[in-house]
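Below: start_1.pdb (PDB, C-alpha atoms, pLDDT in the B column)
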ATOM      1  CA  MET A 276      21.048  -4.159  31.318  1.00 71.00           C
ATOM      2  CA  PRO A 277      24.246  -2.598  32.617  1.00 81.00           C
ATOM      3  CA  ASN A 278      26.650  -3.674  35.316  1.00 86.00           C
ATOM      4  CA  TYR A 279      27.105  -1.305  38.234  1.00 89.00           C
ATOM      5  CA  ASP A 280      30.125  -1.146  40.531  1.00 91.00           C
ATOM      6  CA  TYR A 281      29.591  -0.556  44.232  1.00 94.00           C
ATOM      7  CA  GLU A 282      31.932  -0.007  47.159  1.00 95.00           C
ATOM      8  CA  CYS A 283      31.239  -0.363  50.872  1.00 95.00           C
ATOM      9  CA  THR A 284      32.045   2.737  52.911  1.00 94.00           C
ATOM     10  CA  GLU A 285      32.948   0.641  55.977  1.00 93.00           C
ATOM     11  CA  CYS A 286      34.921  -2.429  54.861  1.00 93.00           C
ATOM     12  CA  GLY A 287      35.949  -1.182  51.387  1.00 92.00           C
ATOM     13  CA  LYS A 288      34.603  -4.262  49.596  1.00 92.00           C
ATOM     14  CA  ARG A 289      34.047  -3.640  45.883  1.00 92.00           C
ATOM     15  CA  PHE A 290      31.555  -5.651  43.865  1.00 92.00           C
ATOM     16  CA  GLU A 291      29.660  -5.553  40.611  1.00 91.00           C
ATOM     17  CA  VAL A 292      25.911  -5.995  40.185  1.00 91.00           C
ATOM     18  CA  PHE A 293      24.003  -6.663  36.951  1.00 90.00           C
ATOM     19  CA  GLN A 294      20.749  -4.727  37.289  1.00 89.00           C
ATOM     20  CA  SER A 295      18.222  -2.755  35.290  1.00 89.00           C
ATOM     21  CA  MET A 296      18.567   1.005  34.950  1.00 85.00           C
ATOM     22  CA  ASN A 297      15.150   1.286  36.633  1.00 90.00           C
ATOM     23  CA  ASP A 298      16.165  -0.698  39.719  1.00 91.00           C
ATOM     24  CA  ALA A 299      16.866   1.196  42.931  1.00 92.00           C
ATOM     25  CA  LYS A 300      20.492   1.644  43.997  1.00 91.00           C
ATOM     26  CA  LEU A 301      21.803  -0.853  46.528  1.00 92.00           C
ATOM     27  CA  THR A 302      22.327   0.508  50.044  1.00 93.00           C
ATOM     28  CA  ASP A 303      23.570  -2.393  52.196  1.00 93.00           C
ATOM     29  CA  CYS A 304      26.922  -4.184  52.067  1.00 93.00           C
ATOM     30  CA  PRO A 305      26.574  -7.812  50.909  1.00 91.00           C
ATOM     31  CA  ASN A 306      29.154  -8.895  53.519  1.00 90.00           C
ATOM     32  CA  SER A 307      27.051 -10.316  56.355  1.00 88.00           C
ATOM     33  CA  GLU A 308      29.635  -9.345  58.981  1.00 91.00           C
ATOM     34  CA  CYS A 309      29.702  -5.702  57.843  1.00 91.00           C
ATOM     35  CA  LYS A 310      26.739  -3.434  58.515  1.00 88.00           C
ATOM     36  CA  GLY A 311      28.052  -0.629  56.286  1.00 92.00           C
ATOM     37  CA  THR A 312      26.375   1.172  53.445  1.00 94.00           C
ATOM     38  CA  VAL A 313      27.497   1.037  49.834  1.00 95.00           C
ATOM     39  CA  ARG A 314      27.869   3.731  47.210  1.00 94.00           C
ATOM     40  CA  ARG A 315      27.642   3.300  43.480  1.00 93.00           C
ATOM     41  CA  LEU A 316      30.864   4.101  41.644  1.00 91.00           C
ATOM     42  CA  LEU A 317      31.073   5.993  38.401  1.00 85.00           C
ATOM     43  CA  GLY A 318      32.134   3.733  35.586  1.00 73.00           C
ATOM     44  CA  THR A 319      33.566   4.393  32.187  1.00 63.00           C
ATOM     45  CA  GLY A 320      31.149   2.016  30.515  1.00 63.00           C
ATOM     46  CA  GLY A 321      31.904  -0.966  28.364  1.00 66.00           C
ATOM     47  CA  GLY A 322      34.259  -0.897  25.456  1.00 68.00           C
ATOM     48  CA  ILE A 323      33.061  -1.297  21.911  1.00 71.00           C
ATOM     49  CA  ILE A 324      33.466  -4.798  20.573  1.00 70.00           C
ATOM     50  CA  PHE A 325      33.553  -5.251  16.809  1.00 72.00           C
ATOM     51  CA  LYS A 326      32.777  -8.729  15.553  1.00 72.00           C
ATOM     52  CA  GLY A 327      32.861  -9.909  11.984  1.00 72.00           C
ATOM     53  CA  THR A 328      35.167  -9.956   9.003  1.00 71.00           C
ATOM     54  CA  GLY A 329      35.983  -6.260   9.064  1.00 69.00           C
ATOM     55  CA  PHE A 330      34.761  -2.738   9.433  1.00 65.00           C
ATOM     56  CA  TYR A 331      35.689   0.060   7.107  1.00 65.00           C
ATOM     57  CA  GLN A 332      35.493   3.826   7.300  1.00 62.00           C
ATOM     58  CA  THR A 333      33.117   3.894   4.346  1.00 61.00           C
ATOM     59  CA  ASP A 334      30.621   1.398   5.803  1.00 63.00           C
ATOM     60  CA  TYR A 335      28.549   4.092   7.466  1.00 64.00           C
ATOM     61  CA  ARG A 336      28.728   6.956   4.967  1.00 67.00           C
ATOM     62  CA  SER A 337      25.511   8.679   3.966  1.00 72.00           C
ATOM     63  CA  ASN A 338      24.156   8.432   0.419  1.00 75.00           C
ATOM     64  CA  SER A 339      24.700  12.155  -0.187  1.00 77.00           C
ATOM     65  CA  TYR A 340      28.368  11.834   0.804  1.00 73.00           C
ATOM     66  CA  GLU A 341      28.855   8.902  -1.575  1.00 74.00           C
ATOM     67  CA  LYS A 342      27.240  10.820  -4.474  1.00 80.00           C
ATOM     68  CA  GLY A 343      29.492  13.816  -3.819  1.00 78.00           C
ATOM     69  CA  ALA A 344      32.590  11.624  -3.650  1.00 75.00           C
ATOM     70  CA  LYS A 345      31.731  10.016  -7.001  1.00 80.00           C
ATOM     71  CA  ALA A 346      31.241  13.455  -8.585  1.00 80.00           C
ATOM     72  CA  ASP A 347      34.679  14.579  -7.311  1.00 78.00           C
ATOM     73  CA  LYS A 348      36.518  11.618  -8.837  1.00 74.00           C
ATOM     74  CA  PRO A 349      38.106  12.303 -12.232  1.00 71.00           C
ATOM     75  CA  ALA A 350      36.683  10.226 -15.078  1.00 63.00           C
ATOM     76  CA  GLU A 351      38.686   7.075 -15.691  1.00 62.00           C
ATOM     77  CA  LYS A 352      40.423   7.023 -19.047  1.00 60.00           C
ATOM     78  CA  LYS A 353      40.781   3.882 -21.088  1.00 60.00           C
ATOM     79  CA  ALA A 354      44.446   3.084 -21.467  1.00 60.00           C
ATOM     80  CA  ASP A 355      45.880   2.950 -24.992  1.00 59.00           C
ATOM     81  CA  PRO A 356      47.203  -0.475 -25.864  1.00 60.00           C
ATOM     82  CA  THR A 357      50.955  -0.729 -25.654  1.00 62.00           C
ATOM     83  CA  PRO A 358      52.998  -1.104 -28.843  1.00 62.00           C
ATOM     84  CA  ALA A 359      53.593  -4.777 -28.005  1.00 60.00           C
ATOM     85  CA  ALA A 360      49.851  -5.361 -27.735  1.00 56.00           C
ATOM     86  CA  LYS A 361      49.264  -3.579 -31.054  1.00 57.00           C
ATOM     87  CA  SER A 362      51.804  -5.732 -32.868  1.00 58.00           C
ATOM     88  CA  ALA A 363      50.418  -8.944 -31.354  1.00 58.00           C
ATOM     89  CA  ALA A 364      46.927  -8.006 -32.503  1.00 57.00           C
ATOM     90  CA  GLU A 365      48.051  -7.487 -36.122  1.00 58.00           C
TER      91      GLU A 365
END

Taking this structure as input, can you express it in the form of structure tokens?
Amino acid sequence: MPNYDYECTECGKRFEVFQSMNDAKLTDCPNSECKGTVRRLLGTGGGIIFKGTGFYQTDYRSNSYEKGAKADKPAEKKADPTPAAKSAAE
């Protein structure tokens, strides 16, 4: 359920209300001394919050993308042992 911001047209009081998307918009100012009406403000929405150890660009790739990326990679070559490794093995 989202939070909605409202502002009174008379006293200018701003407040936030946690309500269902199906609920009717508020019309009356919550300030008992003010008899004004309120209007709902346009909001930018909540920010995205990532929780966990980390998120990577490749976490949400499709299977077809991953198969194509593997096909594009050159085959890995086995490295020849260095001369020092050859002499130590003999």

Figure out the distance between CA of Asn278 in chain A and CA of Leu317 in chain A, please, to one decimal in Å. 11.1 Å

Between CA of Val292 in chain A and CA of Lys310 in chain A lies a distance of 18.5 Å

Identify the residues around (17.7, 0.7, 38.4) within a radius of 12 Å, measuring from all atoms listed in the file in the coordinates stated by the file, and give them as a list in words.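 The distance filter leaves exactly Met276, Pro277, Asn278, Tyr279, Val292, Phe293, Gln294, Ser295, Met296, Asn297, Asp298, Ala299, Lys300, Leu301 and Arg315 of chain A.
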
Next, dump the selected residues to file, keeping only C-alpha atoms, as a short mmCIF file (atom, residue, chain, number, x, y, z; two decimals), in the coordinates of the input.
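Saved to out_1.cif:
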data_model
loop_
_atom_site.label_atom_id
_atom_site.label_comp_id
_atom_site.auth_asym_id
_atom_site.auth_seq_id
_atom_site.Cartn_x
_atom_site.Cartn_y
_atom_site.Cartn_z
CA MET A 276 21.05 -4.16 31.32
CA PRO A 277 24.25 -2.60 32.62
CA ASN A 278 26.65 -3.67 35.32
CA TYR A 279 27.10 -1.30 38.23
CA VAL A 292 25.91 -6.00 40.18
CA PHE A 293 24.00 -6.66 36.95
CA GLN A 294 20.75 -4.73 37.29
CA SER A 295 18.22 -2.76 35.29
CA MET A 296 18.57 1.00 34.95
CA ASN A 297 15.15 1.29 36.63
CA ASP A 298 16.16 -0.70 39.72
CA ALA A 299 16.87 1.20 42.93
CA LYS A 300 20.49 1.64 44.00
CA LEU A 301 21.80 -0.85 46.53
CA ARG A 315 27.64 3.30 43.48
#

Could you check how far CA of Cys309 in chain A sits from CA of Phe290 in chain A, in Å to one decimal?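 Between these atoms lies a distance of 14.1 Å.
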
Centre, x/y/z edge lengths, axis-aligned box for range 342-350 of chain A with 3 Å per side, as lines of an AutoDock Vina configuration file:
center_x = 32.7
center_y = 12.3
center_z = -9.4
size_x = 16.9
size_y = 10.6
size_z = 17.4

Expected selection from the PyMOL selection byres ((chain A and resi 311) around 10), given as number ranges by chain: A: 282-287, 302-310, 312-313
